[in-house]
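What follows is a single structure, written as structure tokens, with notes after it.
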Number of protein chains: 4
Amino acid sequence: MADLLWPGDERAGDLFSDGALLKAMVDVERAWLAALVSAGVAPSSADAHLDSLVTSDLLERLAREAESGGNPAMALVSWLRGALEDTCPETARWLHRGLTSQDVVDSALMLCARDATTQLRAALVDQIDCLARLVETHSATPMVARTLTQHAVPTTFGLKAAGWLTGVLDAYDDVAALVLPVQAGGAAGTMAGAVELASALPEPLEVVHRMTQDFTARLGLAPSIPWPTSRAAITRLADATVRCTDAWGRIANDVLTLSRPEIGELSEGTGGGSSTMPHKANPVLSTLVRRAALTTPQLAATLHLAAAEAADERSAGPWHAEWATLRTLLRRAVVAGDQTRELLSGLRVHTDRMLHTLAAAREDVHAEQRSLADLTGSAPRRSYVGASAMFVEATLARATGVLAGTVSATARAEESR
Amino acid sequence: MADLLWPGDERAGDLFSDGALLKAMVDVERAWLAALVSAGVAPSSADAHLDSLVTSDLLERLAREAESGGNPAMALVSWLRGALEDTCPETARWLHRGLTSQDVVDSALMLCARDATTQLRAALVDQIDCLARLVETHSATPMVARTLTQHAVPTTFGLKAAGWLTGVLDAYDDVAALVLPVQAGGAAGTMAGAVELASALPEPLEVVHRMTQDFTARLGLAPSIPWPTSRAAITRLADATVRCTDAWGRIANDVLTLSRPEIGELSEGTGGGSSTMPHKANPVLSTLVRRAALTTPQLAATLHLAAAEAADERSAGPWHAEWATLRTLLRRAVVAGDQTRELLSGLRVHTDRMLHTLAAAREDVHAEQRSLADLTGSAPRRSYVGASAMFVEATLARATGVLAGTVSATARAEESR
Amino acid sequence: MADLLWPGDERAGDLFSDGALLKAMVDVERAWLAALVSAGVAPSSADAHLDSLVTSDLLERLAREAESGGNPAMALVSWLRGALEDTCPETARWLHRGLTSQDVVDSALMLCARDATTQLRAALVDQIDCLARLVETHSATPMVARTLTQHAVPTTFGLKAAGWLTGVLDAYDDVAALVLPVQAGGAAGTMAGAVELASALPEPLEVVHRMTQDFTARLGLAPSIPWPTSRAAITRLADATVRCTDAWGRIANDVLTLSRPEIGELSEGTGGGSSTMPHKANPVLSTLVRRAALTTPQLAATLHLAAAEAADERSAGPWHAEWATLRTLLRRAVVAGDQTRELLSGLRVHTDRMLHTLAAAREDVHAEQRSLADLTGSAPRRSYVGASAMFVEATLARATGVLAGTVSATARAEESR
Amino acid sequence: MADLLWPGDERAGDLFSDGALLKAMVDVERAWLAALVSAGVAPSSADAHLDSLVTSDLLERLAREAESGGNPAMALVSWLRGALEDTCPETARWLHRGLTSQDVVDSALMLCARDATTQLRAALVDQIDCLARLVETHSATPMVARTLTQHAVPTTFGLKAAGWLTGVLDAYDDVAALVLPVQAGGAAGTMAGAVELASALPEPLEVVHRMTQDFTARLGLAPSIPWPTSRAAITRLADATVRCTDAWGRIANDVLTLSRPEIGELSEGTGGGSSTMPHKANPVLSTLVRRAALTTPQLAATLHLAAAEAADERSAGPWHAEWATLRTLLRRAVVAGDQTRELLSGLRVHTDRMLHTLAAAREDVHAEQRSLADLTGSAPRRSYVGASAMFVEATLARATGVLAGTVSATARAEESR
């Protein structure tokens, strides 16, 4: 996938593409079929691999047919049954029995979301690794702190970068805590169909319980009671994702400001060019990351609205609004995460400019310090960066905690040398 | 185009697709080239058709290359120059001279927006036509009015449909008033490049003025001074578009409520089925239209934010956030417009159920009337629908005004019989 | 009114305050009463001034009672009837007859909105006046244009300010075009109550029509058929208001950037201080204006959602969500409009810094010009600001058009000297 | 506090009112003063109670003065110093030393937020308690499940209410996990001022560390390194709050639908009246709860945008946009939480109507079951509610877990009898 109107989109690869979604839906149907067979509800002749049935020209067709049923699962089931009818009649008969289209769509969305959050976590870990180095390197690099755009007091670039790192660590905590639940509720979240199917066996409720566990395990999702109109899993996913773009957007904003030519304290590793001005080195990565951060909060708001308006046992409209919104939100976050990784790993820190700005502002940025002199009576501390080192250390300790439990791509690359 | 996660998406056809955007960008470059030649600024050997250069495999490549420059125009220009270098060296030399990538992207977006608004207007006119008939037919069809979900007083279905029509007419007025401006400002909105190029001719400013008029006319856009960070054209477009989905969403919500089986006063022409429940006839079109209406306001909010944060002479992020947001907004509106057209033309009105509900609620819905009796002393008017007919008439007059100036697709179809 | 958490809020005075809303609701009831009497529907003894009944301790009481009915009009009507019962029994009997609470709330909101838009227009006109002077003064003041935060080509501060002016003119056009309609529909928009009341007279529909015209004229609102669930009047008001904050936010962003100490090309007339750093002169007005612009688009999105979900003949929730949202939106806009007026009138332009930056960037900002040299063969134009003067002139002409039709506060102040 | 335009607002009492915020800011200044004294940095003569200085007429004055500094803390500090100068000169000298206005505002916001989350938790626990009873009572009450507005299959009202309970439990988990951090960073988050003040003592960094712990403990907030532009604490608070209104909005939507007269399966304990229609019993609480849920997601989006745009060491605009947005969000949630508590405790369940609807739809709602018959060969299970009881039990177990750790107001009331 690529997108002329969202440069960098291809960084998200196949994530949530129609193809990925279709594959995920087929995986869901297959896992359910296997669970039916494994539980003894369906005959073993009903089990079958379904992947080979799916061809690329199917996508366009299903997309078109998705409209009449209102979702893509119905068209898929009907097509699969047709394709299986002659060669695997038992599979055709048992396919999708006990499920409803919402089970297929929601579980498939969760499978795609898992790929997305895996990529988000990887990007966050790499950023944590990279930022931790940056913070360490510059823990004593003096620069001016700016508040309301004006020079305030001295700080260190290490502390500024530690602030960035804090945002990334906060986002990591939220993404790492996400739970992506399976959806298996049947027509209205009661599992009535599945229980009916199991009713020839002893203890049908127990059979259905085990079957759902089996289904969940096959998909690698988290167990859950049905959640057709309880959408916290979606909104938590959305909120954690926006927390990522919040953290990255804030970094991008800082880089954009500090790479203004009049300031020049930071610059991107490789700036973007101009179609007409040969001299320009635009902070393109920061620009594109900030772009994402300006759009994602409103996408999450849509998902919250869909959750709040999720009436009945399946909502008419709110549920349908979630799918593409979630895709756009997660793709944009994955793209921005990768761009931020590249931005950070290539970031150039111009310590000379930092020093120069601070020196030029010396009178102003020590005004507060002078105003405290009459209170203390002691000689002013030279650097006036207070407890910066202490805060830097605390932030690095958090980073170490995360990195100890994971291995970043950078570390992996180094190890493999 | 089709989209598994936005069923019905193919109704918007090629609108704002990468292919459409690419074609529009090439049209912009070509129009500018022609204007340069026509003004005598560039030699006539510089003019060339560019369409044939564009092949479908170009899309993926440009999308990938768009990232390093931050927008798709730069990659296109560089590719076109390369492709022209040998065969049309003068074209390669003069291509894009005096323009900047924002000119190309913004003008191309406006060209795509024109296609979108043309489709929106057509859908609105057809809906006005269809609704006007519905209003006329049912101007005296009694039904109960509902406020805060409860039975209030009698009304007519004609008046309810006139309310829908009012929303559609309001949206039509806003869409019809839209102005889609050309963007031609050069590197920073000063046209310095163009003036420089024209400086060999007498009165270069006058030459550039005429050249811009020529360029604008070739594209069929509205003349405008450069607007790189004055984004009212975008936000007006967005607001008018959301006004469309507001009007349609409100209709969809009414249909969803009134087609509940317990109410049964309306139903969609052909309901959608269920993957597991054979009896179901779901109000799928209403569901999908409401879906769109729940998402578009937040997309317009993003475009307003982009306008408010549009700093400098080209913004770093806000501008970039507009493109895909505008595409999604307009495609969803075009899809919803077409679905609403189909919904309205197939809508089934169950006047018997309306009568039945009203009769059953007779005691309640005339309570207000009884409470007024002591004030008037006159016998209560039977129908108690007040000035409904007067309001219906006023609404139909507005519809007639619009339809007189246009010819709806339905009318065209009838004429061609 | 004042608000610790929205500094500057008192600039909006009493606008949309509970007191203002109460007064507006009483005005609506009074106007309707007068129209009933004037039409001969109610006896002349029913007419009465109601203002004197309203005391300040009523507010808290009505606010508390508003909840049980779901809106403030019901509590007011019930209170007024009680207060009138003994002294003006006919007034008590006829009060509110034929209206519904939505008529009272919506019409009162429109009255408050009129005060808001009057203030918005006044602020916009003053800004246009002030910006036109700024543009004229600096039409030839050279400065560097910045794109994606980097130096691009030369421009003039006049052209930059003309861009600001364009935004303000666009907003003015939208605000000036607003229509604020009366709401008079009775229980469900049919006017059945009013017609019933008029049914003792000949031609009751005609009577009601005249009565509504009278009511509308007394309130000074625009005539309209009832619009209980057709909410374009609200969303247009919201969109035009956000267009104002968009325009002001963009100015504020530019001032924030250009008043950074490293750039120093602009500064606010009087900067804000710091609680701890004596030297600081913060760009507080720009900060507070930008604050508003970051919040209003989402408020307008809420109003669009309310419009799209406005089902039945009165919606259960969406309507209720509009009131406070509209108040916050309009108060914030009025505050930001006044702050922008002050910001612009006090703005200090440091032409020396502009020149200095441009000179220092000379090599870079003429790179494009040099790259065009081989095409033209003619000597480069010194200033390289292209058609800036032409665009400035066109913008000033628009401003003159607006100012010719209005008299700005500045002009009034000058005249009165 | 009360609000004509947000009926029910007084349920949030003084929460985040100007008075509450002022008190919180004074508490912050006092806690810091006490910490300075306790650490031996300031003389013990500097300590003083400040509460008595604060009079009600101060609010208006501070609100007005807040604008020039851009925030309310600066005006407060300056006023307090003036008020203390003569009587407590040492307090006046030491007040606020080492803090910055953002420390005061942010910490005060967190204190107000603590009051809000305490109320949210209490409301959630009461709802959990109430819903658990409802679920238990109706675990076997049959009703029809509805998907896309149409009858689907049978379910139980217990399972529907268990779905509501799940939403409330999810929200509870998120609110209970919130951490509200202290802000103490000085001018730019380095604590340079505090360290300077402590520099006359041995180990000044250690002194500042203990002083901050003391300050934090006095306020009862969570320890944190400074977070002037790391705003996850704010966005997490916002997201958890919206998750509350999501859960309540979804309940409200269900009640609104099921209390339509044609359905009549639920009704509010006491419906709201009408200003003109004596018979009406409107679902007012549901209406007002849904109202809140339609507005909060956009407020949270604003807080995320503020987080993403939080540049420099204190942002110019984004930070300022947070305060009132947070207040509105939290007040609305507290009001809606209390309304939902009342809604649930008074909810009337019409099991006869549920049975009647289900019986009338019998043919349809067992269609799926019949279609499964050929697969199983066994006799259909009578109820066809599948594993509903199992899901009900799992949900009740979650509720019990929460209730075991808390004591709900209902339980407290019962105990005290």
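Naming works like this for the structure tokens: A, B, ... for the chains as they're shown, residue 1 at the start of each chain, ligands 1 onward in shown order.
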
- Task: Kindly provide, as a VMD selection string, the residues of chain A having any atom no farther than 7 Å from an atom of chain C, counting only C-alpha atoms.
- Result: chain A and resid 148 to 150 256 260 to 263 276 to 279 282 364 367 to 368

- Query: Any idea what the distance is between atom CA of B:Val125 and atom CA of B:Ala24?
  - Reply: 26.3 Å

- Message: List as a count of residues only the protein and nucleic acid residues near D:Leu329, meaning an atom at most 7 Å away when only C-alpha atoms are counted, but skip any in the same chain fewer than 3 places from it.
- Response: 6

- Option closest in space to D:Ile234, from A:Glu206, A:Asp170, A:Asp214, A:Asp9 [counting only C-alpha atoms]: A:Asp170

- B:Met74, B:Ala336, B:Leu4, B:Val144 ranked by distance to C:Glu313, top pick (using only C-alpha atoms): B:Val144

- Message: If we count only C-alpha atoms and set the cut-off at 12 Å, which residues sit around B:Leu396, ignoring sequence neighbours fewer than 4 positions away in its own chain? Please answer as a ChimeraX atom specification.
- Response: /B:128-137,139,158-159,161-166,169,389-392,400-404

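With only C-alpha atoms as the atoms that count, the residue of C:Ser107, C:Ser267, C:Thr100, C:Thr91 with the shortest distance to C:Met191 is C:Thr100.
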
- Just list the residues in stretch 87-150 of chain B DSSP gives helix (DSSP H, G or I) on the backbone, as JSON, numbers by chain. {"B": [89, 90, 91, 92, 93, 94, 101, 102, 103, 104, 105, 106, 107, 108, 109, 110, 111, 112, 113, 114, 115, 116, 117, 118, 119, 120, 121, 122, 123, 124, 125, 126, 127, 128, 129, 130, 131, 132, 133, 134, 135, 136, 137]}

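Interatomic distance, atom CA of D:His356 against atom CA of D:Leu343: 24.2 Å.
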
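The spacing separating atom CA of D:Ala122 from atom CA of D:Thr340 amounts to 12.1 Å.
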
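Those residues in stretch 129-220 of chain A carrying a DSSP assignment of strand (DSSP E or B), computed from the backbone, are Pro142, Met143, Val144, Ala145, Arg146, Thr147, Gln150, His151, Ala152, Val153, Pro154, Thr155, Thr156 and Pro181 of chain A.
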
Could you please take those selected residues and save N, CA, C and O atoms as a CSV table (one decimal), in the first residue's frame?
```csv
chain,number,residue,atom,x,y,z
A,142,PRO,N,24.3,22.2,28.1
A,142,PRO,CA,23.4,23.4,28.5
A,142,PRO,C,22.7,24.0,27.3
A,142,PRO,O,23.2,24.1,26.2
A,143,MET,N,21.5,24.4,27.6
A,143,MET,CA,20.7,25.1,26.6
A,143,MET,C,19.7,26.0,27.3
A,143,MET,O,19.6,25.9,28.5
A,144,VAL,N,19.0,26.8,26.6
A,144,VAL,CA,18.1,27.7,27.3
A,144,VAL,C,16.7,27.0,27.2
A,144,VAL,O,16.4,26.3,26.3
A,145,ALA,N,16.0,27.1,28.4
A,145,ALA,CA,14.6,26.6,28.4
A,145,ALA,C,13.7,27.7,27.9
A,145,ALA,O,14.0,28.9,28.1
A,146,ARG,N,12.6,27.3,27.2
A,146,ARG,CA,11.7,28.3,26.6
A,146,ARG,C,10.3,28.1,27.2
A,146,ARG,O,9.8,27.0,27.1
A,147,THR,N,9.7,29.1,27.6
A,147,THR,CA,8.3,29.1,28.1
A,147,THR,C,7.5,30.2,27.4
A,147,THR,O,8.0,31.3,27.3
A,150,GLN,N,9.4,32.3,25.0
A,150,GLN,CA,10.5,33.2,25.4
A,150,GLN,C,11.5,32.4,26.2
A,150,GLN,O,11.2,31.4,26.9
A,151,HIS,N,12.7,33.0,26.2
A,151,HIS,CA,13.8,32.4,27.1
A,151,HIS,C,13.4,32.5,28.5
A,151,HIS,O,13.0,33.5,29.0
A,152,ALA,N,13.6,31.4,29.2
A,152,ALA,CA,13.2,31.4,30.6
A,152,ALA,C,14.4,31.3,31.5
A,152,ALA,O,14.9,32.3,32.0
A,153,VAL,N,14.9,30.1,31.7
A,153,VAL,CA,16.1,29.8,32.6
A,153,VAL,C,16.9,28.8,31.8
A,153,VAL,O,16.5,28.2,30.8
A,154,PRO,N,18.2,28.5,32.3
A,154,PRO,CA,18.9,27.5,31.7
A,154,PRO,C,18.3,26.1,31.9
A,154,PRO,O,17.7,25.9,32.9
A,155,THR,N,18.6,25.2,31.0
A,155,THR,CA,18.3,23.8,31.2
A,155,THR,C,19.4,23.0,30.5
A,155,THR,O,20.4,23.5,30.1
A,156,THR,N,19.1,21.7,30.4
A,156,THR,CA,20.1,20.9,29.6
A,156,THR,C,19.3,20.2,28.5
A,156,THR,O,18.1,20.0,28.6
A,181,PRO,N,-9.4,-8.5,22.9
A,181,PRO,CA,-10.3,-9.6,23.2
A,181,PRO,C,-10.8,-10.3,21.9
A,181,PRO,O,-11.0,-9.6,20.9
```

Near B:Glu309, within 8 Å and counting only C-alpha atoms, which residues show up once chain neighbours fewer than 4 positions away are dropped, as a PDB file with C-alpha atoms, in the first residue's frame?
```
ATOM      1  CA  LEU B 305      -7.460  23.025  13.264  1.00  0.00           C
ATOM      2  CA  SER B 315       2.751  25.345   7.505  1.00  0.00           C
ATOM      3  CA  PRO B 318      -1.266  21.414   9.293  1.00  0.00           C
TER       4      PRO B 318
ATOM      5  CA  ASP C 246      -9.275  30.005  12.564  1.00  0.00           C
ATOM      6  CA  GLY C 249      -5.428  31.563  15.553  1.00  0.00           C
ATOM      7  CA  ARG C 250      -3.360  31.769  12.436  1.00  0.00           C
ATOM      8  CA  ASN C 253       0.622  31.514  15.593  1.00  0.00           C
TER       9      ASN C 253
END
```

- Near B:Val105, within 8 Å and counting only C-alpha atoms, which residues show up once chain neighbours fewer than 2 positions away are dropped, as JSON, numbers by chain? {"B": [25, 71, 72, 73, 101, 102, 103, 107, 108, 109]}

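Nearest residue to D:Arg97 among D:Trp79, D:Trp32, D:Phe157, D:Trp6 is D:Trp32, counting only C-alpha atoms.
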
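Using only C-alpha atoms, the shortest contact distance between C:Ala387 and any of B:Leu375, B:Leu294, B:Ala198, B:Ala359 is found at B:Ala198.
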
- Message: Neighbouring residues of stretch 216-231 of chain B were defined as those with any atom within 7 Å, considering only C-alpha atoms; residues of the same chain fewer than 4 positions away were excluded. Please report them as a list in words.
- Response: Ala31, Val179, Leu180, Pro181, Val182, Gln183, Ala184, Gly185, Gly189, Thr212, Thr235, Ala307, Ala310, Ala311, Glu313 and Arg314 of chain B; Gly163, Thr166, Gly167 and Phe391 of chain C

Take the selection from the previous step and output its residues with all heavy atoms, as a short mmCIF file (atom, residue, chain, number, x, y, z; two decimals), in the first residue's frame.
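What follows is the written file part.cif:
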```
data_model
loop_
_atom_site.label_atom_id
_atom_site.label_comp_id
_atom_site.auth_asym_id
_atom_site.auth_seq_id
_atom_site.Cartn_x
_atom_site.Cartn_y
_atom_site.Cartn_z
N ALA B 31 -1.44 22.85 -17.59
CA ALA B 31 -2.13 24.14 -17.74
C ALA B 31 -1.15 25.29 -17.52
O ALA B 31 -1.20 26.31 -18.21
CB ALA B 31 -3.30 24.24 -16.76
N VAL B 179 -16.93 28.06 -3.59
CA VAL B 179 -15.99 28.58 -4.57
C VAL B 179 -14.70 27.79 -4.42
O VAL B 179 -14.15 27.70 -3.32
CB VAL B 179 -15.74 30.09 -4.32
CG1 VAL B 179 -14.61 30.59 -5.21
CG2 VAL B 179 -17.02 30.87 -4.56
N LEU B 180 -14.22 27.23 -5.52
CA LEU B 180 -13.01 26.42 -5.46
C LEU B 180 -11.89 27.16 -6.18
O LEU B 180 -11.83 27.17 -7.40
CB LEU B 180 -13.27 25.05 -6.08
CG LEU B 180 -14.40 24.26 -5.40
CD1 LEU B 180 -14.70 22.97 -6.17
CD2 LEU B 180 -14.06 23.94 -3.95
N PRO B 181 -10.99 27.76 -5.43
CA PRO B 181 -10.00 28.66 -6.02
C PRO B 181 -8.76 27.96 -6.55
O PRO B 181 -8.35 26.92 -6.03
CB PRO B 181 -9.61 29.56 -4.84
CG PRO B 181 -9.76 28.66 -3.66
CD PRO B 181 -10.89 27.71 -3.96
N VAL B 182 -8.17 28.54 -7.55
CA VAL B 182 -6.88 28.09 -8.04
C VAL B 182 -5.80 28.49 -7.03
O VAL B 182 -5.98 29.46 -6.29
CB VAL B 182 -6.60 28.74 -9.42
CG1 VAL B 182 -6.11 30.18 -9.27
CG2 VAL B 182 -5.61 27.92 -10.22
N GLN B 183 -4.74 27.75 -6.99
CA GLN B 183 -3.58 28.14 -6.18
C GLN B 183 -2.43 28.38 -7.13
O GLN B 183 -2.02 27.48 -7.88
CB GLN B 183 -3.23 27.03 -5.18
CG GLN B 183 -2.05 27.34 -4.27
CD GLN B 183 -2.34 28.36 -3.19
OE1 GLN B 183 -2.44 29.56 -3.47
NE2 GLN B 183 -2.53 27.92 -1.96
N ALA B 184 -1.91 29.59 -7.12
CA ALA B 184 -0.74 29.89 -7.95
C ALA B 184 0.02 31.02 -7.29
O ALA B 184 -0.28 32.19 -7.50
CB ALA B 184 -1.17 30.28 -9.38
N GLY B 185 0.98 30.65 -6.47
CA GLY B 185 1.67 31.68 -5.70
C GLY B 185 3.18 31.56 -5.75
O GLY B 185 3.89 32.45 -5.30
N GLY B 189 4.02 32.40 -2.18
CA GLY B 189 2.81 33.18 -2.40
C GLY B 189 3.03 34.56 -2.99
O GLY B 189 2.11 35.37 -3.04
N THR B 212 -1.86 34.03 -15.09
CA THR B 212 -2.61 33.38 -14.02
C THR B 212 -4.08 33.23 -14.41
O THR B 212 -4.71 32.20 -14.13
CB THR B 212 -2.49 34.19 -12.72
OG1 THR B 212 -1.10 34.40 -12.44
CG2 THR B 212 -3.12 33.46 -11.56
N THR B 235 -11.99 25.01 4.57
CA THR B 235 -12.93 24.82 5.68
C THR B 235 -14.37 25.05 5.23
O THR B 235 -15.28 24.39 5.73
CB THR B 235 -12.59 25.73 6.88
OG1 THR B 235 -12.66 27.10 6.47
CG2 THR B 235 -11.22 25.41 7.45
N ALA B 307 -6.38 24.88 9.61
CA ALA B 307 -6.48 26.28 9.19
C ALA B 307 -5.97 27.22 10.28
O ALA B 307 -5.29 28.20 10.00
CB ALA B 307 -7.92 26.62 8.83
N ALA B 310 -2.16 27.21 10.66
CA ALA B 310 -1.44 27.40 9.39
C ALA B 310 -0.49 28.60 9.48
O ALA B 310 -0.80 29.69 9.00
CB ALA B 310 -2.44 27.59 8.24
N ALA B 311 0.65 28.40 10.08
CA ALA B 311 1.58 29.50 10.31
C ALA B 311 2.57 29.66 9.16
O ALA B 311 2.63 28.85 8.24
CB ALA B 311 2.33 29.27 11.61
N GLU B 313 4.57 30.97 5.81
CA GLU B 313 4.03 31.05 4.45
C GLU B 313 3.66 29.65 3.90
O GLU B 313 3.09 29.52 2.83
CB GLU B 313 5.01 31.75 3.52
CG GLU B 313 4.84 33.27 3.55
CD GLU B 313 5.22 33.86 4.91
OE1 GLU B 313 6.26 33.46 5.46
OE2 GLU B 313 4.47 34.71 5.43
N ARG B 314 4.04 28.64 4.62
CA ARG B 314 3.52 27.28 4.38
C ARG B 314 3.73 26.54 5.69
O ARG B 314 4.81 26.55 6.24
CB ARG B 314 4.24 26.57 3.24
CG ARG B 314 3.58 25.23 2.88
CD ARG B 314 4.26 24.46 1.76
NE ARG B 314 4.56 25.31 0.63
CZ ARG B 314 5.36 24.96 -0.38
NH1 ARG B 314 5.92 23.76 -0.39
NH2 ARG B 314 5.61 25.80 -1.37
N GLY C 163 -2.28 38.48 4.16
CA GLY C 163 -2.76 37.11 4.36
C GLY C 163 -3.63 37.03 5.61
O GLY C 163 -4.70 36.41 5.61
N THR C 166 -6.88 38.64 4.78
CA THR C 166 -7.74 37.76 3.97
C THR C 166 -8.54 36.83 4.87
O THR C 166 -9.75 36.65 4.68
CB THR C 166 -6.87 36.94 3.00
OG1 THR C 166 -6.27 37.84 2.08
CG2 THR C 166 -7.71 35.91 2.24
N GLY C 167 -7.88 36.25 5.84
CA GLY C 167 -8.58 35.36 6.77
C GLY C 167 -9.69 36.09 7.50
O GLY C 167 -10.80 35.57 7.66
N PHE C 391 -1.08 41.72 -4.96
CA PHE C 391 -1.93 40.94 -4.04
C PHE C 391 -2.34 41.80 -2.84
O PHE C 391 -3.46 41.70 -2.34
CB PHE C 391 -1.20 39.68 -3.56
CG PHE C 391 -0.81 38.76 -4.68
CD1 PHE C 391 0.38 38.03 -4.65
CD2 PHE C 391 -1.64 38.61 -5.80
CE1 PHE C 391 0.73 37.18 -5.68
CE2 PHE C 391 -1.29 37.76 -6.84
CZ PHE C 391 -0.10 37.05 -6.79
#
```

- Selected residue of minimal separation from B:Ala200 among B:Val41, B:Ala63, B:Ala292, B:Leu50, counting only C-alpha atoms: B:Val41
